[in-house]
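Scroll down for the structure; my scribbles are underneath it.
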Amino acid sequence: MEQPSQVFSVSQVNQYIKSVLDGDPLLSGLFVRGEISNYKCYPSGHHYFSLKDAEGTMRCVLFRREAASLRFRPENGMKVVVYGRISAFPRDGQYQLYCSHLSPDGAGELHVAFEQRKEKLQQEGLFNPAHKKPLPPFPARIALVTSPAGAAVRDMIRILGARWPLAEVLVVPVRVQGAEAAGEISAALTWLGENRAADLIITGRGGGSMEDLWAFNEEPVARAIYHCPIPVISAVGHEPDVTIADYVADLRAATPSNAAELAVPDQNELYHRLAQAARVMTQQTALCISRARVRLQAASNHRLLQNPMRYLEERRMELDYLQGKTLGALRLSLGKERERFARLCASLDAMSPLKVLGRGYAIARRPNGTVVRSRQETAPGDVLRVTVTDGDILCEVK
């Protein structure tokens with residue numbers, strides 16, 4: 001084999017392949033459809049993955065700068081359409097697709113981002129009904145976190161003034177569209193909550209596309225609503241429009257005008273209820289007075305009030321009767337007890353040892369009081385006390 005006139009290094013070949021790929025107009029900007037696999041996001045912020053279909057696979061990279069504009073989170077198995085350029089990495093000689101834009105295939109990018117964020121926040125418990133706060137029935141101060149230039153804020157101020165003019169309306173101006181909108185809305189909610197600057201908060205805006213309403217789908221806004229100690233009504237867009245803020249808020253209104261209606265009572269309806277209550281109270285008071293008048297008339301016709309002394313006389317007669325009956329019962333009981341006492345005295349007297357002594361008998365006792373019942377219980381020289389009917393005799397046994 002002849003000696004080649006020129007030998008290339010690996011780096012030179014790889015660099016040549018890179019230059020060829022970079023110089024091809026078709027490969028400098030093309031759309032590629034495929035399914036994501038081997039997806040990894042490194043701490044540097046760069047995303048690495050592969051695109052595959054039924055017959056092949058391709059390595060891809062999405063650098064941090066381009067990844068920062070993603071509204072959804074890429075996942076393995078997700079079908080996407082990628083726009084970028086094909087080039088080679090000279091170090092390992094592998095070609096790959098350098099992505100500048102990534103969007104879901106079929107479903108829109110915002111729709112996918114909305115569903116992913118909704119699922120994430122729901123798993124964290126931000127939509128839990130147990131965390132929702134009741135609205136105050138008669139708010140004294142209402143804060144409107146919205147754009148000061150939109151038609152929505154004018155409608156809310158008009159409706160609040162017509163329904164409940166006692167409430168003070170505080171407009172907190174924020175952007176409701178664009179990159180800075182979410183930060184301003186969340187900052188306003190946080191400030192109101194920390195300073196307890198209102199009794200109720202309404203945040204929202206008029207209708208628009210999903211892109212226009214996207215600020216109310218951002219996580220900072222959702223978390224600011226969740227952590228706000230003041231009840232929050234979400235009023236974004238029209239009735240078909242649903243945002244993440246609607247799920248987190250304490251109450252969702254179909255429109256900003258509907259939010260103003262839900263926030264305060266209607267003064268006309270309240271006047272009507274008060275008038276109805278006043279009528280019921282008047283009727284009940286009149287009924288109570290009528291019943292009391294009937295009871296008073298019945299009491300005034302009672303014989304006790306017409307002749308009080310007669311009542312006292314009847315009670316006195318009743319007292320005399322009870323007194324006589326009580327004394328009779330006491331006399332009867334006392335007589336029976338006297339008879340019983342006499343019988344007991346006679347029985348006791350009959351059994352008394354003094355009766356026996358009176359008939360000439362005597363009782364011999366030792367000095368300690370023990371009764372001597374037999375002569376065998378004594379011995380010569382013992383001293384005995386002999387009791388007779390009129391006293392004791394000291395004796396000595398011989």
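Residue numbers start at 1 in each chain; chains themselves are named A, B, ... in the order of the structure tokens; ligands are numbered from 1 in the order shown.
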
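Every residue of region 183-273 of chain A found in strand (DSSP E or B) when DSSP is run on the backbone appears here: Leu200, Ile201, Ile202, Thr203, Gly204, Arg205, Val232, Ile233, Ser234, Ala235, Val236, Leu251 and Arg252 of chain A.
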
Would you mind exporting the chosen residues as a short mmCIF file (atom, residue, chain, number, x, y, z; two decimals), in the first residue's frame, restricted to all heavy atoms?
```
data_model
loop_
_atom_site.label_atom_id
_atom_site.label_comp_id
_atom_site.auth_asym_id
_atom_site.auth_seq_id
_atom_site.Cartn_x
_atom_site.Cartn_y
_atom_site.Cartn_z
N LEU A 200 -60.95 42.47 52.15
CA LEU A 200 -61.20 41.57 51.03
C LEU A 200 -60.39 42.05 49.84
O LEU A 200 -60.21 43.26 49.65
CB LEU A 200 -62.70 41.55 50.69
CG LEU A 200 -63.14 40.66 49.53
CD1 LEU A 200 -62.90 39.19 49.85
CD2 LEU A 200 -64.62 40.89 49.22
N ILE A 201 -59.89 41.10 49.04
CA ILE A 201 -59.09 41.42 47.86
C ILE A 201 -59.76 40.81 46.64
O ILE A 201 -60.18 39.65 46.66
CB ILE A 201 -57.64 40.88 47.99
CG1 ILE A 201 -56.93 41.51 49.19
CG2 ILE A 201 -56.86 41.14 46.72
CD1 ILE A 201 -55.57 40.91 49.47
N ILE A 202 -59.84 41.61 45.58
CA ILE A 202 -60.26 41.12 44.26
C ILE A 202 -59.09 41.32 43.32
O ILE A 202 -58.58 42.43 43.18
CB ILE A 202 -61.50 41.86 43.74
CG1 ILE A 202 -62.67 41.71 44.71
CG2 ILE A 202 -61.89 41.33 42.36
CD1 ILE A 202 -63.91 42.49 44.28
N THR A 203 -58.65 40.24 42.68
CA THR A 203 -57.56 40.35 41.71
C THR A 203 -58.00 39.73 40.41
O THR A 203 -58.67 38.68 40.39
CB THR A 203 -56.28 39.67 42.22
OG1 THR A 203 -55.24 39.86 41.26
CG2 THR A 203 -56.47 38.19 42.46
N GLY A 204 -57.69 40.39 39.30
CA GLY A 204 -58.08 39.86 38.00
C GLY A 204 -57.94 40.91 36.92
O GLY A 204 -57.29 41.94 37.08
N ARG A 205 -58.59 40.63 35.80
CA ARG A 205 -58.53 41.51 34.65
C ARG A 205 -59.64 41.10 33.70
O ARG A 205 -60.34 40.10 33.91
CB ARG A 205 -57.19 41.40 33.92
CG ARG A 205 -56.77 40.00 33.55
CD ARG A 205 -55.82 39.97 32.39
NE ARG A 205 -56.47 40.39 31.15
CZ ARG A 205 -55.81 40.83 30.09
NH1 ARG A 205 -54.49 40.89 30.11
NH2 ARG A 205 -56.46 41.20 28.99
N VAL A 232 -59.38 36.20 49.17
CA VAL A 232 -59.10 36.67 47.81
C VAL A 232 -60.15 36.11 46.86
O VAL A 232 -60.44 34.90 46.87
CB VAL A 232 -57.69 36.24 47.35
CG1 VAL A 232 -57.44 36.70 45.92
CG2 VAL A 232 -56.63 36.81 48.28
N ILE A 233 -60.71 36.99 46.03
CA ILE A 233 -61.60 36.59 44.94
C ILE A 233 -60.82 36.70 43.63
O ILE A 233 -60.23 37.74 43.35
CB ILE A 233 -62.86 37.47 44.88
CG1 ILE A 233 -63.67 37.34 46.18
CG2 ILE A 233 -63.74 37.07 43.70
CD1 ILE A 233 -64.91 38.23 46.20
N SER A 234 -60.83 35.62 42.85
CA SER A 234 -60.16 35.64 41.55
C SER A 234 -61.20 35.98 40.48
O SER A 234 -62.23 35.31 40.37
CB SER A 234 -59.52 34.29 41.26
OG SER A 234 -58.98 34.25 39.95
N ALA A 235 -60.90 37.02 39.70
CA ALA A 235 -61.84 37.46 38.65
C ALA A 235 -61.04 37.70 37.38
O ALA A 235 -60.67 38.84 37.07
CB ALA A 235 -62.56 38.73 39.10
N VAL A 236 -60.78 36.64 36.64
CA VAL A 236 -59.91 36.72 35.46
C VAL A 236 -60.71 36.37 34.22
O VAL A 236 -61.28 35.28 34.11
CB VAL A 236 -58.71 35.75 35.61
CG1 VAL A 236 -57.78 35.89 34.42
CG2 VAL A 236 -57.96 36.02 36.91
N LEU A 251 -62.47 32.28 46.42
CA LEU A 251 -63.71 32.25 45.62
C LEU A 251 -63.37 32.65 44.21
O LEU A 251 -62.58 33.56 43.98
CB LEU A 251 -64.75 33.21 46.21
CG LEU A 251 -66.11 33.24 45.51
CD1 LEU A 251 -66.82 31.90 45.68
CD2 LEU A 251 -66.98 34.37 46.05
N ARG A 252 -63.97 31.94 43.24
CA ARG A 252 -63.75 32.26 41.84
C ARG A 252 -64.98 32.96 41.29
O ARG A 252 -66.11 32.50 41.49
CB ARG A 252 -63.47 30.99 41.04
CG ARG A 252 -63.12 31.28 39.58
CD ARG A 252 -64.00 30.53 38.63
NE ARG A 252 -63.71 30.90 37.24
CZ ARG A 252 -64.46 30.55 36.21
NH1 ARG A 252 -65.53 29.83 36.41
NH2 ARG A 252 -64.14 30.94 34.99
#
```

Show which residues sit within 7 Å of Cys228 (chain A), as a compact mmCIF listing (two decimals) with C-alpha atoms, in the first residue's frame. Count only C-alpha atoms, and ignore same-chain residues fewer than 3 positions away.
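Wrote result_31.txt, looks like this:
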```txt
# COMPACT_ATOMS: atom_id res chain seq x y z
CA LEU A 189 -50.93 40.56 47.32
CA THR A 190 -48.03 40.03 49.72
CA GLY A 193 -51.54 40.62 53.46
CA ALA A 224 -49.14 34.71 47.00
CA ILE A 225 -52.89 34.03 46.95
```

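Distances to Val264 (chain A) were evaluated for A:Cys41, A:Cys395, A:Leu166, A:Ala152 using only C-alpha atoms, and the minimum falls at A:Leu166.
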
* Asked: Pick from A:Trp164, A:Tyr247, A:Phe31, A:Tyr42: nearest to Arg85 (chain A), with only C-alpha atoms counted?
  ->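 Closest candidate: A:Phe31.
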
* Asked: How many Å lie between CA of Val176 (chain A) and CA of Leu192 (chain A), rounded to one decimal?
  ->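 Computing the Euclidean distance for CA of Val176 (chain A) and CA of Leu192 (chain A) yields 17.1 Å.
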
Quick check for you: according to DSSP on this backbone, which residues of region 1-246 of chain A are classed as alpha helix (DSSP H)? Reply as a JSON list (two decimals) with C-alpha atoms, in the first residue's frame.
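Contents of part.json, freshly written:
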```
[["chain", "number", "residue", "atom", "x", "y", "z"],
["A", 10, "VAL", "CA", -9.16, 13.00, 14.30],
["A", 11, "SER", "CA", -9.69, 16.59, 15.36],
["A", 12, "GLN", "CA", -9.21, 17.81, 11.79],
["A", 13, "VAL", "CA", -11.75, 15.34, 10.48],
["A", 14, "ASN", "CA", -14.25, 16.22, 13.17],
["A", 15, "GLN", "CA", -13.72, 19.93, 12.54],
["A", 16, "TYR", "CA", -14.20, 19.39, 8.79],
["A", 17, "ILE", "CA", -17.44, 17.50, 9.38],
["A", 18, "LYS", "CA", -18.60, 20.35, 11.62],
["A", 19, "SER", "CA", -17.82, 22.93, 8.94],
["A", 20, "VAL", "CA", -19.69, 20.88, 6.33],
["A", 21, "LEU", "CA", -22.76, 20.61, 8.56],
["A", 22, "ASP", "CA", -22.64, 24.28, 9.49],
["A", 23, "GLY", "CA", -22.41, 25.27, 5.86],
["A", 64, "ARG", "CA", -29.83, 27.44, 29.53],
["A", 65, "ARG", "CA", -30.61, 30.69, 27.69],
["A", 66, "GLU", "CA", -33.15, 29.02, 25.39],
["A", 67, "ALA", "CA", -34.49, 26.78, 28.20],
["A", 109, "GLU", "CA", -47.26, 24.92, 24.69],
["A", 110, "LEU", "CA", -49.32, 27.04, 27.09],
["A", 111, "HIS", "CA", -51.90, 24.30, 27.50],
["A", 112, "VAL", "CA", -49.24, 21.76, 28.44],
["A", 113, "ALA", "CA", -47.61, 24.22, 30.84],
["A", 114, "PHE", "CA", -51.01, 24.96, 32.41],
["A", 115, "GLU", "CA", -51.79, 21.27, 33.00],
["A", 116, "GLN", "CA", -48.33, 20.54, 34.41],
["A", 117, "ARG", "CA", -48.47, 23.49, 36.80],
["A", 118, "LYS", "CA", -52.03, 22.68, 37.83],
["A", 119, "GLU", "CA", -51.06, 19.09, 38.69],
["A", 120, "LYS", "CA", -47.97, 20.20, 40.60],
["A", 121, "LEU", "CA", -49.78, 22.78, 42.75],
["A", 122, "GLN", "CA", -52.69, 20.45, 43.36],
["A", 123, "GLN", "CA", -50.32, 17.80, 44.73],
["A", 151, "ALA", "CA", -62.49, 48.62, 31.77],
["A", 152, "ALA", "CA", -62.62, 45.90, 34.44],
["A", 153, "VAL", "CA", -61.58, 48.21, 37.28],
["A", 154, "ARG", "CA", -64.18, 50.81, 36.27],
["A", 155, "ASP", "CA", -66.91, 48.19, 36.21],
["A", 156, "MET", "CA", -65.93, 46.88, 39.65],
["A", 157, "ILE", "CA", -65.81, 50.38, 41.19],
["A", 158, "ARG", "CA", -69.21, 51.23, 39.70],
["A", 159, "ILE", "CA", -70.87, 48.02, 40.93],
["A", 160, "LEU", "CA", -69.30, 48.21, 44.38],
["A", 161, "GLY", "CA", -70.47, 51.82, 44.76],
["A", 162, "ALA", "CA", -74.00, 50.97, 43.69],
["A", 163, "ARG", "CA", -74.36, 47.83, 45.81],
["A", 181, "ALA", "CA", -47.12, 41.17, 35.53],
["A", 182, "ALA", "CA", -46.80, 38.08, 37.73],
["A", 183, "GLY", "CA", -44.15, 39.70, 39.93],
["A", 184, "GLU", "CA", -46.19, 42.86, 40.42],
["A", 185, "ILE", "CA", -49.41, 40.98, 41.21],
["A", 186, "SER", "CA", -47.72, 38.66, 43.75],
["A", 187, "ALA", "CA", -45.90, 41.61, 45.36],
["A", 188, "ALA", "CA", -49.17, 43.55, 45.72],
["A", 189, "LEU", "CA", -50.93, 40.56, 47.32],
["A", 190, "THR", "CA", -48.03, 40.03, 49.72],
["A", 191, "TRP", "CA", -47.99, 43.71, 50.73],
["A", 192, "LEU", "CA", -51.74, 43.77, 51.37],
["A", 193, "GLY", "CA", -51.54, 40.62, 53.46],
["A", 194, "GLU", "CA", -48.58, 41.73, 55.55],
["A", 195, "ASN", "CA", -50.13, 45.15, 56.30],
["A", 219, "GLU", "CA", -46.56, 30.13, 40.41],
["A", 220, "PRO", "CA", -45.66, 33.36, 42.28],
["A", 221, "VAL", "CA", -49.24, 34.61, 41.91],
["A", 222, "ALA", "CA", -50.71, 31.26, 43.01],
["A", 223, "ARG", "CA", -48.48, 31.06, 46.08],
["A", 224, "ALA", "CA", -49.14, 34.71, 47.00],
["A", 225, "ILE", "CA", -52.89, 34.03, 46.95],
["A", 226, "TYR", "CA", -52.45, 30.85, 48.98],
["A", 227, "HIS", "CA", -50.38, 32.52, 51.71],
["A", 244, "ILE", "CA", -54.48, 28.68, 38.25],
["A", 245, "ALA", "CA", -55.49, 31.70, 40.36],
["A", 246, "ASP", "CA", -59.12, 30.54, 40.16]]
```

Within 9 Å of Gly29 (chain A), counting only C-alpha atoms, which residues qualify if same-chain residues fewer than 5 places away don't, as a PDB file with all heavy atoms, in the first residue's frame?
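Final output, around-v8.pdb:
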```
ATOM      1  N   TYR A  83     -37.126  23.107  16.941  1.00  0.00           N
ATOM      2  CA  TYR A  83     -36.491  23.911  15.890  1.00  0.00           C
ATOM      3  C   TYR A  83     -35.051  24.182  16.322  1.00  0.00           C
ATOM      4  O   TYR A  83     -34.790  24.552  17.470  1.00  0.00           O
ATOM      5  CB  TYR A  83     -37.219  25.235  15.684  1.00  0.00           C
ATOM      6  CG  TYR A  83     -36.555  26.125  14.671  1.00  0.00           C
ATOM      7  CD1 TYR A  83     -36.718  25.898  13.317  1.00  0.00           C
ATOM      8  CD2 TYR A  83     -35.739  27.189  15.084  1.00  0.00           C
ATOM      9  CE1 TYR A  83     -36.103  26.708  12.376  1.00  0.00           C
ATOM     10  CE2 TYR A  83     -35.121  28.004  14.151  1.00  0.00           C
ATOM     11  CZ  TYR A  83     -35.300  27.755  12.795  1.00  0.00           C
ATOM     12  OH  TYR A  83     -34.678  28.553  11.865  1.00  0.00           O
ATOM     13  N   GLY A  84     -34.108  23.988  15.370  1.00  0.00           N
ATOM     14  CA  GLY A  84     -32.714  24.232  15.689  1.00  0.00           C
ATOM     15  C   GLY A  84     -31.819  23.964  14.494  1.00  0.00           C
ATOM     16  O   GLY A  84     -32.274  23.872  13.352  1.00  0.00           O
ATOM     17  N   ARG A  85     -30.540  23.831  14.798  1.00  0.00           N
ATOM     18  CA  ARG A  85     -29.554  23.611  13.738  1.00  0.00           C
ATOM     19  C   ARG A  85     -28.770  22.340  14.043  1.00  0.00           C
ATOM     20  O   ARG A  85     -28.545  21.981  15.203  1.00  0.00           O
ATOM     21  CB  ARG A  85     -28.589  24.796  13.643  1.00  0.00           C
ATOM     22  CG  ARG A  85     -27.823  25.068  14.912  1.00  0.00           C
ATOM     23  CD  ARG A  85     -26.943  26.305  14.790  1.00  0.00           C
ATOM     24  NE  ARG A  85     -26.263  26.568  16.061  1.00  0.00           N
ATOM     25  CZ  ARG A  85     -25.104  26.011  16.419  1.00  0.00           C
ATOM     26  NH1 ARG A  85     -24.480  25.158  15.588  1.00  0.00           N
ATOM     27  NH2 ARG A  85     -24.556  26.321  17.576  1.00  0.00           N
ATOM     28  N   ILE A  86     -28.359  21.658  12.963  1.00  0.00           N
ATOM     29  CA  ILE A  86     -27.556  20.440  13.092  1.00  0.00           C
ATOM     30  C   ILE A  86     -26.085  20.829  13.008  1.00  0.00           C
ATOM     31  O   ILE A  86     -25.648  21.535  12.095  1.00  0.00           O
ATOM     32  CB  ILE A  86     -27.886  19.421  11.990  1.00  0.00           C
ATOM     33  CG1 ILE A  86     -29.365  19.022  12.054  1.00  0.00           C
ATOM     34  CG2 ILE A  86     -26.993  18.195  12.115  1.00  0.00           C
ATOM     35  CD1 ILE A  86     -29.723  18.214  13.268  1.00  0.00           C
TER      36      ILE A  86
END
```

* Length of the CA of Lys132 (chain A) to CA of Gly150 (chain A) vector [Å] -> 28.2 Å

* Take CA of Leu126 (chain A) and CA of Arg71 (chain A) and report the distance between them in Å, one decimal. => 20.0 Å

* Name all residues at most 10 Å from Gly56 (chain A) (count only C-alpha atoms; drop same-chain ones fewer than 4 positions away) and give them as a count of residues only. => 3
